[in-house]
Amino acid sequence: MAETRKFLLPESELPTQWYNIAADMKRLPPPPLHPATHQPIGPEALAPLFPMALIQQEVSTERYIPIPEEVREVYKLWRPTPLYRARALEKALDTPAHIYYKYEGVSPSGSHKPNTAVAQAYYNAQEGVKRITTETGAGQWGSSLAFACQLFGIECKVYMVRISYEQKPYRRVLMETWGAKVVPSPSPDTNAGRAILAEDPNSTGSLGIAISEAVEDAASREDTKYSLGSVLNHVLLHQTVVGQEAMKQMEMAGEYPDVVIGCVGGGSNAAGLMFPFLRERLEGRRKTRFVAVEPASCPSLTKGEYRYDFGDTAGLTPLLKMYTLGHTFVPPGIHAGGLRYHAMAPLICQLYHDGEIEAVAYPQTACFEAAVLFARCEGIVPAPESSHAVRAAIDEALAAREAGERRVILFNLSGHGLLDLQAYDDYMAGKLRDEEYPAEKVKEAMRHLPEVE
Ligand SMILES: *Cc1c(COP(=O)(O)O)cnc(C)c1O
């Protein structure tokens, strides 16, 4: 009998709503605090940075939020995305486990990020915003937002973490092709950037620094708002189209996952796949395990502290309660640039704190080893970020073999690595090193956390 390898949904099955897990959580994350007064802030405090529609989503506890028709029309360029059963990988691992992956690399920019970029550009355009600033690590977010802004006639300026700007020129070209203006961060264009450059002219940059620059730029101009590609509640919300589709596709496959896996930088792709399944666990219908996978050199969940911290390096953003390594921590320049963030989405942190989600950390060579095996079996070359999820899925499948159990594994292949081939070249040439966990630098950064309470 022929074996099914991919599960495809027709366009008519594209979700009509986003799923808001805040409606179903036992405990909500504590409120954001004002950066100076440390008092809880209301939605209006965010108005200089975000359009009202997104602020309302940020604080909403409605279970479902309708997806505007205009956004669904754009989603149809690549959604619903395919779900695959990794049969060749299962065979190579000689495992009784069934491995499934949801593939978000079919989007125009090659990752899950346009799911929120398109929604954010739409709401900004609706409220008359002419220009959007943002930061980008590996360039995945910047390119996704550049694409989305282009569709809705909005100007886009991207502060790109310098190490990625230098390592990944093709992402910059992609952003410019979609009409964005890109500068390496730290840049001389903002006070935050100039301050860092004065201290260290060779700074490789970090997401935290780039966020400071983009936020400062947006706050200082009437016609400009800011957009974040991960971490915030509304971003995770937009990604839930991924998990809603995957639920239907697993049903087509006649299975239900025992474990759901996602790599985590700020937490959005993992949340997007996990949250619709996690609802079943929160309501006591399923005992599914959820595994967040982070890089060993930037392990906010597994090594960080659950405290209020800034989202950016300069300390301009509201304080959020997160597992954090300290907002001044600059992670080593690993290839998975999209995972180099000092903290994690408050929703993921609360769920991790409450024991609903587990976390593991892997060094990068173990992830590339897994990604190469995956590519040789399944064809798709994973993004370096996604390779962390691939590693964890393979380890689950190997554990299932040890235990002789038929485990159903589902992971999010959040993007392809076709613009990251330099990283693969370095790996195959034996040039990739595993950075030591920078314990001293984290300890130092943790001394700069704001004292709250
Ligand atoms: C940005 C990115 C990530 C990390 O961001 P999350 O918000 O944690 O999902 C993961 N995978 C890919 C392909 C990315 O581009």
# chains A, B, ... in the order shown; residues from 1 in each chain; ligands from 1
>>> closest_atom_pairs(of="segment 163-256 of chain A", to="segment 413-420 of chain A", cutoff="9 Å", atoms="only C-alpha atoms", output="Markdown table")
| residue | atom | partner | partner_atom | distance |
| --- | --- | --- | --- | --- |
| A:Gln167 | CA | A:Asp420 | CA | 8.9 |
| A:Lys168 | CA | A:Asp420 | CA | 7.2 |
| A:Tyr170 | CA | A:Leu419 | CA | 6.7 |
| A:Arg171 | CA | A:Leu419 | CA | 7.1 |
>>> closest_atom_pairs(of="chain A", to="ligand 1", cutoff="6 Å", atoms="only C-alpha atoms and all ligand atoms", output="CSV")
residue,atom,partner,partner_atom_place_in_ligand_line,distance
A:Ser111,CA,ligand 1,13 (C),4.9
A:Gln140,CA,ligand 1,15 (O),4.6
A:Ser230,CA,ligand 1,7 (O),4.3
A:Val264,CA,ligand 1,8 (O),3.7
A:Gly265,CA,ligand 1,8 (O),3.4
A:Gly266,CA,ligand 1,8 (O),4.0
A:Gly267,CA,ligand 1,8 (O),3.5
A:Ser268,CA,ligand 1,7 (O),3.6
A:Asn269,CA,ligand 1,9 (O),3.6
A:Ala270,CA,ligand 1,9 (O),5.9
A:Gly338,CA,ligand 1,1 (C),4.2
A:Leu339,CA,ligand 1,4 (C),5.3
A:Ala383,CA,ligand 1,13 (C),5.3
A:Glu385,CA,ligand 1,11 (N),4.6
A:Ser386,CA,ligand 1,11 (N),5.0
A:Ser414,CA,ligand 1,13 (C),4.5
A:Gly415,CA,ligand 1,13 (C),3.8
>>> select_by_dssp(residues="segment 343-398 of chain A", states="strand (DSSP E)", output="list in words")
Glu358, Ala359, Val360, Ala361 and Tyr362 of chain A
>>> closest_atom_pairs(of="segment 379-409 of chain A", to="segment 101-108 of chain A", cutoff="12 Å", atoms="only C-alpha atoms", output="JSON lines")
{"residue": "A:Ile380", "atom": "CA", "partner": "A:Gly105", "partner_atom": "CA", "distance": 9.1}
{"residue": "A:Val381", "atom": "CA", "partner": "A:Gly105", "partner_atom": "CA", "distance": 9.7}
{"residue": "A:Pro382", "atom": "CA", "partner": "A:Gly105", "partner_atom": "CA", "distance": 8.5}
{"residue": "A:Ala383", "atom": "CA", "partner": "A:Gly105", "partner_atom": "CA", "distance": 8.6}
{"residue": "A:Glu385", "atom": "CA", "partner": "A:Gly105", "partner_atom": "CA", "distance": 12.0}
{"residue": "A:Ser386", "atom": "CA", "partner": "A:Gly105", "partner_atom": "CA", "distance": 10.0}
{"residue": "A:Ala389", "atom": "CA", "partner": "A:Tyr101", "partner_atom": "CA", "distance": 9.8}
{"residue": "A:Val390", "atom": "CA", "partner": "A:Tyr101", "partner_atom": "CA", "distance": 9.2}
{"residue": "A:Ala393", "atom": "CA", "partner": "A:Tyr101", "partner_atom": "CA", "distance": 9.4}
{"residue": "A:Ile394", "atom": "CA", "partner": "A:Tyr101", "partner_atom": "CA", "distance": 11.7}
{"residue": "A:Val408", "atom": "CA", "partner": "A:Tyr101", "partner_atom": "CA", "distance": 10.8}
{"residue": "A:Ile409", "atom": "CA", "partner": "A:Tyr101", "partner_atom": "CA", "distance": 8.2}
>>> write_last_selection(atoms="N, CA, C and O atoms", output="PDB file, in the first residue's frame")
ATOM      1  N   ILE A 380      14.514  18.678   2.600  1.00  0.00           N
ATOM      2  CA  ILE A 380      14.500  20.096   2.988  1.00  0.00           C
ATOM      3  C   ILE A 380      15.711  20.411   3.866  1.00  0.00           C
ATOM      4  O   ILE A 380      16.019  19.669   4.794  1.00  0.00           O
ATOM      5  N   VAL A 381      16.384  21.520   3.539  1.00  0.00           N
ATOM      6  CA  VAL A 381      17.510  21.987   4.357  1.00  0.00           C
ATOM      7  C   VAL A 381      16.954  22.937   5.431  1.00  0.00           C
ATOM      8  O   VAL A 381      16.469  24.018   5.100  1.00  0.00           O
ATOM      9  N   PRO A 382      17.016  22.539   6.704  1.00  0.00           N
ATOM     10  CA  PRO A 382      16.397  23.367   7.757  1.00  0.00           C
ATOM     11  C   PRO A 382      17.157  24.665   8.014  1.00  0.00           C
ATOM     12  O   PRO A 382      18.384  24.712   7.883  1.00  0.00           O
ATOM     13  N   ALA A 383      16.452  25.705   8.417  1.00  0.00           N
ATOM     14  CA  ALA A 383      17.101  26.916   8.932  1.00  0.00           C
ATOM     15  C   ALA A 383      17.905  26.524  10.170  1.00  0.00           C
ATOM     16  O   ALA A 383      17.519  25.602  10.887  1.00  0.00           O
ATOM     17  N   GLU A 385      18.004  27.865  12.968  1.00  0.00           N
ATOM     18  CA  GLU A 385      17.114  27.941  14.139  1.00  0.00           C
ATOM     19  C   GLU A 385      16.297  26.647  14.242  1.00  0.00           C
ATOM     20  O   GLU A 385      16.250  25.997  15.288  1.00  0.00           O
ATOM     21  N   SER A 386      15.673  26.284  13.113  1.00  0.00           N
ATOM     22  CA  SER A 386      14.814  25.091  13.096  1.00  0.00           C
ATOM     23  C   SER A 386      15.594  23.818  13.417  1.00  0.00           C
ATOM     24  O   SER A 386      15.021  22.839  13.898  1.00  0.00           O
ATOM     25  N   ALA A 389      14.975  22.264  16.700  1.00  0.00           N
ATOM     26  CA  ALA A 389      13.776  21.434  16.831  1.00  0.00           C
ATOM     27  C   ALA A 389      14.010  20.060  16.214  1.00  0.00           C
ATOM     28  O   ALA A 389      13.551  19.039  16.733  1.00  0.00           O
ATOM     29  N   VAL A 390      14.750  20.031  15.084  1.00  0.00           N
ATOM     30  CA  VAL A 390      15.068  18.759  14.432  1.00  0.00           C
ATOM     31  C   VAL A 390      15.873  17.873  15.393  1.00  0.00           C
ATOM     32  O   VAL A 390      15.596  16.686  15.551  1.00  0.00           O
ATOM     33  N   ALA A 393      13.615  16.479  18.047  1.00  0.00           N
ATOM     34  CA  ALA A 393      12.711  15.462  17.505  1.00  0.00           C
ATOM     35  C   ALA A 393      13.461  14.146  17.311  1.00  0.00           C
ATOM     36  O   ALA A 393      12.944  13.065  17.619  1.00  0.00           O
ATOM     37  N   ILE A 394      14.678  14.238  16.811  1.00  0.00           N
ATOM     38  CA  ILE A 394      15.486  13.036  16.606  1.00  0.00           C
ATOM     39  C   ILE A 394      15.789  12.373  17.960  1.00  0.00           C
ATOM     40  O   ILE A 394      15.686  11.148  18.106  1.00  0.00           O
ATOM     41  N   VAL A 408       4.377   9.399  19.049  1.00  0.00           N
ATOM     42  CA  VAL A 408       4.052  10.287  17.928  1.00  0.00           C
ATOM     43  C   VAL A 408       4.638  11.672  18.227  1.00  0.00           C
ATOM     44  O   VAL A 408       4.289  12.306  19.224  1.00  0.00           O
ATOM     45  N   ILE A 409       5.547  12.074  17.337  1.00  0.00           N
ATOM     46  CA  ILE A 409       6.304  13.310  17.542  1.00  0.00           C
ATOM     47  C   ILE A 409       5.891  14.316  16.479  1.00  0.00           C
ATOM     48  O   ILE A 409       5.819  13.980  15.297  1.00  0.00           O
TER      49      ILE A 409
END
>>> residues_around(residues="Leu301 of chain A", least_positions_apart="3", cutoff="12 Å", atoms="only C-alpha atoms", output="MDAnalysis selection string")
chainID A and resid 263:267 291:298 304:307 322:325 341:346 348:353 357:361
